[in-house]
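Chemist: start_34.csv is reproduced below (CSV, C-alpha atoms).
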chain,number,residue,atom,x,y,z
A,1,MET,CA,-1.8,-4.4,8.3
A,2,TYR,CA,-1.3,-5.7,4.7
A,3,VAL,CA,1.5,-3.3,3.7
A,4,GLU,CA,3.3,-3.5,7.1
A,5,SER,CA,3.4,-7.3,6.9
A,6,GLY,CA,5.2,-7.1,3.6
A,7,GLN,CA,4.6,-10.7,2.6
A,8,ASP,CA,3.4,-10.0,-1.0
A,9,GLN,CA,6.2,-7.4,-1.4
A,10,ILE,CA,8.9,-9.8,-0.2
A,11,GLU,CA,7.5,-12.5,-2.6
A,12,LEU,CA,7.8,-10.0,-5.5
A,13,VAL,CA,11.4,-9.3,-4.5
A,14,LYS,CA,12.2,-13.0,-4.6
A,15,GLN,CA,10.5,-13.3,-8.0
A,16,VAL,CA,12.2,-10.3,-9.6
A,17,ARG,CA,15.5,-10.8,-7.9
A,18,PRO,CA,16.7,-7.2,-8.3
A,19,LYS,CA,20.2,-6.2,-7.7
A,20,SER,CA,19.2,-2.8,-6.4
A,21,ILE,CA,16.1,-1.5,-4.6
A,22,LEU,CA,14.9,2.1,-3.8
A,23,GLU,CA,12.1,2.6,-1.3
A,24,ILE,CA,10.4,6.0,-1.4
A,25,GLY,CA,8.8,6.8,2.0
A,26,CYS,CA,10.9,4.2,3.8
A,27,GLY,CA,10.1,5.4,7.3
A,28,ALA,CA,12.2,3.5,9.9
A,29,GLY,CA,13.2,0.9,7.3
A,30,GLU,CA,11.0,-2.1,8.2
A,31,PHE,CA,10.7,-3.3,4.6
A,32,LEU,CA,14.3,-2.5,3.6
A,33,GLN,CA,15.6,-4.4,6.6
A,34,LYS,CA,13.8,-7.5,5.4
A,35,VAL,CA,15.1,-7.4,1.8
A,36,SER,CA,18.4,-5.5,1.9
A,37,SER,CA,20.5,-8.6,2.6
A,38,GLY,CA,19.3,-10.2,-0.6
A,39,VAL,CA,20.3,-7.3,-2.9
A,40,GLU,CA,23.6,-5.7,-3.8
A,41,TYR,CA,22.4,-2.2,-3.1
A,42,SER,CA,19.4,-0.7,-1.3
A,43,LEU,CA,18.5,2.9,-0.5
A,44,GLY,CA,15.6,4.5,1.4
A,45,LEU,CA,14.2,8.0,1.0
A,46,ASP,CA,12.0,9.8,3.5
A,47,ILE,CA,11.4,13.3,4.8
A,48,ASN,CA,11.0,12.2,8.5
A,49,GLU,CA,14.5,12.7,10.1
A,50,SER,CA,13.5,10.8,13.2
A,51,ALA,CA,12.4,7.8,11.2
A,52,LEU,CA,15.6,8.0,9.1
A,53,GLU,CA,17.7,7.9,12.2
A,54,LEU,CA,16.0,4.7,13.3
A,55,ALA,CA,16.7,3.2,9.9
A,56,ARG,CA,20.4,4.2,10.1
A,57,GLN,CA,20.6,2.4,13.5
A,58,LYS,CA,19.6,-0.8,11.6
A,59,GLY,CA,22.5,-0.3,9.3
A,60,LEU,CA,20.5,0.8,6.4
A,61,GLU,CA,21.5,3.5,3.8
A,62,VAL,CA,18.8,6.2,3.9
A,63,CYS,CA,18.5,9.9,3.2
A,64,ALA,CA,16.1,12.8,2.8
A,65,LYS,CA,17.0,13.5,-0.9
A,66,SER,CA,14.4,13.8,-3.6
A,67,VAL,CA,14.2,11.1,-6.2
A,68,HIS,CA,15.0,13.9,-8.7
A,69,ASP,CA,18.4,14.3,-7.1
A,70,LEU,CA,19.5,10.7,-7.3
A,71,GLU,CA,22.3,9.8,-9.7
A,72,LYS,CA,21.8,6.0,-9.5
A,73,SER,CA,19.0,4.0,-11.2
A,74,PHE,CA,17.4,0.9,-9.8
A,75,ASP,CA,16.0,-2.5,-10.7
A,76,MET,CA,13.1,-2.1,-8.3
A,77,ILE,CA,11.4,1.0,-6.8
A,78,VAL,CA,8.7,0.7,-4.2
A,79,LEU,CA,6.2,3.1,-2.7
A,80,PHE,CA,3.9,1.8,0.1
A,81,GLU,CA,1.1,4.2,1.2
A,82,VAL,CA,2.8,7.2,-0.3
A,83,LEU,CA,1.1,8.3,-3.5
A,84,GLU,CA,-2.2,9.1,-1.8
A,85,HIS,CA,-0.5,11.8,0.3
A,86,LEU,CA,0.8,13.7,-2.7
A,87,LYS,CA,-1.0,16.6,-4.4
A,88,SER,CA,0.8,16.1,-7.8
A,89,PRO,CA,1.8,12.4,-8.0
A,90,GLY,CA,2.3,12.5,-11.8
A,91,GLU,CA,5.5,14.5,-11.6
A,92,ILE,CA,7.2,12.1,-9.1
A,93,LEU,CA,5.9,9.0,-11.0
A,94,ARG,CA,7.6,10.3,-14.2
A,95,ALA,CA,10.8,10.9,-12.3
A,96,ILE,CA,10.6,7.4,-10.8
A,97,GLU,CA,10.2,5.9,-14.3
A,98,ARG,CA,13.4,7.6,-15.4
A,99,LYS,CA,15.3,6.2,-12.4
A,100,LEU,CA,14.1,2.6,-13.2
A,101,ASN,CA,16.4,0.4,-15.2
A,102,LEU,CA,15.1,-1.3,-18.3
A,103,GLY,CA,13.2,-4.5,-17.2
A,104,GLY,CA,12.9,-3.0,-13.7
A,105,VAL,CA,9.8,-3.1,-11.6
A,106,LEU,CA,7.8,-0.4,-9.9
A,107,VAL,CA,5.7,-1.5,-6.9
A,108,ILE,CA,2.9,0.7,-5.6
A,109,ALA,CA,0.5,0.0,-2.6
A,110,VAL,CA,-2.3,2.5,-1.9
A,111,PRO,CA,-5.7,2.6,-0.2
A,112,ASN,CA,-8.4,1.0,-2.3
A,113,PRO,CA,-11.5,3.1,-2.7
A,114,ASP,CA,-13.4,0.0,-3.7
A,115,GLY,CA,-12.5,-1.8,-0.4
A,116,TYR,CA,-14.8,-2.4,2.5
A,117,LEU,CA,-14.4,1.2,3.9
A,118,LYS,CA,-16.7,2.5,1.1
A,119,ASP,CA,-19.6,0.8,2.9
A,120,MET,CA,-18.8,2.3,6.3
A,121,GLY,CA,-19.9,5.9,5.6
A,122,VAL,CA,-17.5,8.9,5.5
A,123,VAL,CA,-13.9,7.9,6.3
A,124,LEU,CA,-12.2,11.2,7.3
A,125,LEU,CA,-8.7,9.7,7.1
A,126,ASP,CA,-9.2,8.9,3.4
A,127,MET,CA,-9.9,12.6,2.6
A,128,PRO,CA,-7.9,15.8,2.3
A,129,PRO,CA,-5.7,17.0,3.9
A,130,HIS,CA,-4.6,13.4,5.0
A,131,HIS,CA,-5.1,11.8,1.6
A,132,ASN,CA,-5.0,14.1,-1.4
A,133,THR,CA,-5.7,11.6,-4.1
A,134,GLY,CA,-7.7,8.4,-4.5
A,135,TRP,CA,-6.5,5.3,-6.5
A,136,LYS,CA,-9.1,3.0,-7.9
A,137,LYS,CA,-7.9,0.0,-10.0
A,138,GLU,CA,-8.7,2.0,-13.2
A,139,ALA,CA,-6.1,4.5,-12.1
A,140,PHE,CA,-3.4,1.9,-12.5
A,141,ASP,CA,-4.6,1.3,-16.1
A,142,TYR,CA,-4.1,5.0,-16.8
A,143,LEU,CA,-0.7,4.8,-15.1
A,144,VAL,CA,0.4,2.0,-17.4
A,145,LYS,CA,-0.3,4.2,-20.5
A,146,MET,CA,1.2,7.3,-18.9
A,147,LEU,CA,4.5,5.6,-18.0
A,148,GLY,CA,4.7,3.1,-21.0
A,149,MET,CA,4.9,0.1,-18.6
A,150,GLU,CA,3.0,-3.2,-18.3
A,151,VAL,CA,1.2,-4.8,-15.3
A,152,MET,CA,3.2,-7.6,-13.9
A,153,SER,CA,0.8,-8.4,-11.0
A,154,TYR,CA,-2.1,-6.9,-9.1
A,155,GLU,CA,-3.3,-7.9,-5.6
A,156,THR,CA,-6.1,-6.8,-3.3
A,157,GLU,CA,-5.7,-7.0,0.5
A,158,PRO,CA,-7.8,-9.8,2.1
A,159,LEU,CA,-10.1,-8.5,4.8
A,160,ARG,CA,-8.8,-9.5,8.3
A,161,TYR,CA,-11.3,-10.6,10.9
A,162,VAL,CA,-10.6,-7.7,13.2
A,163,HIS,CA,-11.6,-5.3,10.4
A,164,TYR,CA,-14.6,-7.5,9.6
A,165,GLN,CA,-15.9,-7.0,13.1
A,166,GLY,CA,-15.7,-3.2,12.6
A,167,PHE,CA,-17.4,-3.6,9.2
A,168,LEU,CA,-20.4,-5.5,10.8
A,169,SER,CA,-20.7,-2.9,13.6
A,170,SER,CA,-20.8,-0.1,11.1
A,171,ILE,CA,-23.5,-1.8,8.9
A,172,ILE,CA,-25.6,-2.5,12.0
A,173,ALA,CA,-25.2,1.2,13.1
A,174,GLN,CA,-26.3,2.4,9.7
A,175,GLY,CA,-29.2,0.0,9.4
A,176,THR,CA,-31.3,0.7,12.4
A,177,LYS,CA,-32.1,3.6,14.7
A,178,ASN,CA,-33.7,1.6,17.5
A,179,ARG,CA,-31.1,1.2,20.2
A,180,TYR,CA,-32.5,-2.0,21.6
A,181,LEU,CA,-32.7,-3.7,18.2
A,182,LYS,CA,-29.2,-2.4,17.4
A,183,LYS,CA,-27.9,-3.9,20.7
A,184,ALA,CA,-29.5,-7.2,19.9
A,185,GLN,CA,-28.0,-7.3,16.4
A,186,GLN,CA,-24.6,-6.4,17.8
A,187,VAL,CA,-24.8,-9.4,20.2
A,188,VAL,CA,-25.8,-11.7,17.3
A,189,ALA,CA,-23.0,-10.4,15.1
A,190,LYS,CA,-20.5,-11.0,17.9
A,191,ILE,CA,-21.6,-14.6,18.4
A,192,ALA,CA,-22.0,-15.4,14.7
A,193,GLY,CA,-19.2,-13.2,13.4
A,194,PRO,CA,-16.6,-16.0,13.0
A,195,PHE,CA,-19.0,-18.2,11.1
A,196,LEU,CA,-20.1,-15.3,8.9
A,197,PHE,CA,-16.5,-14.4,8.2
A,198,VAL,CA,-15.6,-17.9,7.1
A,199,SER,CA,-18.7,-18.4,5.1
A,200,GLY,CA,-18.2,-15.3,2.9
A,201,GLY,CA,-17.0,-12.3,4.9
A,202,ASN,CA,-13.4,-13.1,4.1
A,203,GLN,CA,-14.2,-12.5,0.4
A,204,ILE,CA,-14.7,-8.8,1.1
A,205,ILE,CA,-11.9,-6.7,-0.3
A,206,GLY,CA,-9.7,-5.0,2.3
A,207,GLN,CA,-8.5,-1.4,2.4
A,208,THR,CA,-5.3,-1.7,0.3
A,209,HIS,CA,-4.3,-2.9,-3.1
A,210,LEU,CA,-0.9,-3.4,-4.7
A,211,VAL,CA,0.3,-3.3,-8.3
A,212,ALA,CA,3.7,-4.2,-9.8
A,213,LEU,CA,4.6,-2.5,-13.2
A,214,ARG,CA,7.5,-3.6,-15.4
A,215,LYS,CA,9.5,-1.2,-17.5
A,216,ASN,CA,10.0,-2.9,-20.9
A,217,SER,CA,11.0,0.0,-23.1
Turn the structure described in the file into structure tokens.

Modeler:
Amino acid sequence: MYVESGQDQIELVKQVRPKSILEIGCGAGEFLQKVSSGVEYSLGLDINESALELARQKGLEVCAKSVHDLEKSFDMIVLFEVLEHLKSPGEILRAIERKLNLGGVLVIAVPNPDGYLKDMGVVLLDMPPHHNTGWKKEAFDYLVKMLGMEVMSYETEPLRYVHYQGFLSSIIAQGTKNRYLKKAQQVVAKIAGPFLFVSGGNQIIGQTHLVALRKNS
């Protein structure tokens, strides 16, 4: 998965070169483990005690505190697939901005409502109670004004071939009710899938997008 691979996030860390990083929703610490050796101080927050214990076993500093309770401020704060689960994200985002040093960078990755899933019918996992909010690109524009920050970079997830196969199957299922025609189309899609993907399917937007915001004032 895009966020789990962390390549874009790691490149951002290399570009910004922060001395301190806070990850909210750190889980078992996969991201922090990749970047902690390159910073002076890193901290992870999560509410899942089992995940936090796994992170501690990796030698990471993590805890179940709220961002409101932290005394330190940070050069970079990251949230990967967190905001969509919150009912009132505005409050925590304002608290995060206060914990971000001047010139610091806030990195957010969330599901993209304009990604390929929008063409696959109702996606229950992208609805309440699993996801409480949706984050279109325009929401980031509002976030910039709300927090008084500027966009440093914006990236959309490239669609992987395994997801493209599911996308084709869904389109076929929605397009015809005749089971014999549907079966024939699925066979053709399976054979021609790699060619279709290379010739244009890989330009379809994936299910996640990521924005980096810089605090300048």

Chemist: Which one of A:Asp114, A:Glu84, A:Asp141, A:Glu40 sits closest to Ile21 of chain A if you count all atoms listed in the file?

Modeler: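 Nearest candidate to Ile21 of chain A out of A:Asp114, A:Glu84, A:Asp141, A:Glu40: A:Glu40.
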
Chemist: Using only C-alpha atoms, which protein or nucleic acid residues come within 6 Å of Ala212 of chain A? Drop anything in the same chain fewer than 4 positions from it, and give the result as a list in words.

Modeler: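 Within the cut-off, the hits are Leu106, Val107, Met152 and Ser153 of chain A.
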
Chemist: Have a look at A:Ser50, A:Asn101, A:Gln9, A:Thr156 and name the one nearest to Asn216 of chain A; count all atoms listed in the file.

Modeler: A:Asn101

Chemist: Measure the distance from atom CA of Gln15 of chain A to atom CA of Leu213 of chain A in Å and round it to one decimal.

Modeler: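 Atom CA of Leu213 of chain A lies at a distance of 13.4 Å from atom CA of Gln15 of chain A.
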
Chemist: Give me, please, the distance in Å between atom CA of Glu23 of chain A and atom CA of Arg214 of chain A, quoted to one decimal.

Modeler: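 Atom-to-atom, atom CA of Glu23 of chain A and atom CA of Arg214 of chain A are spaced 16.1 Å apart.
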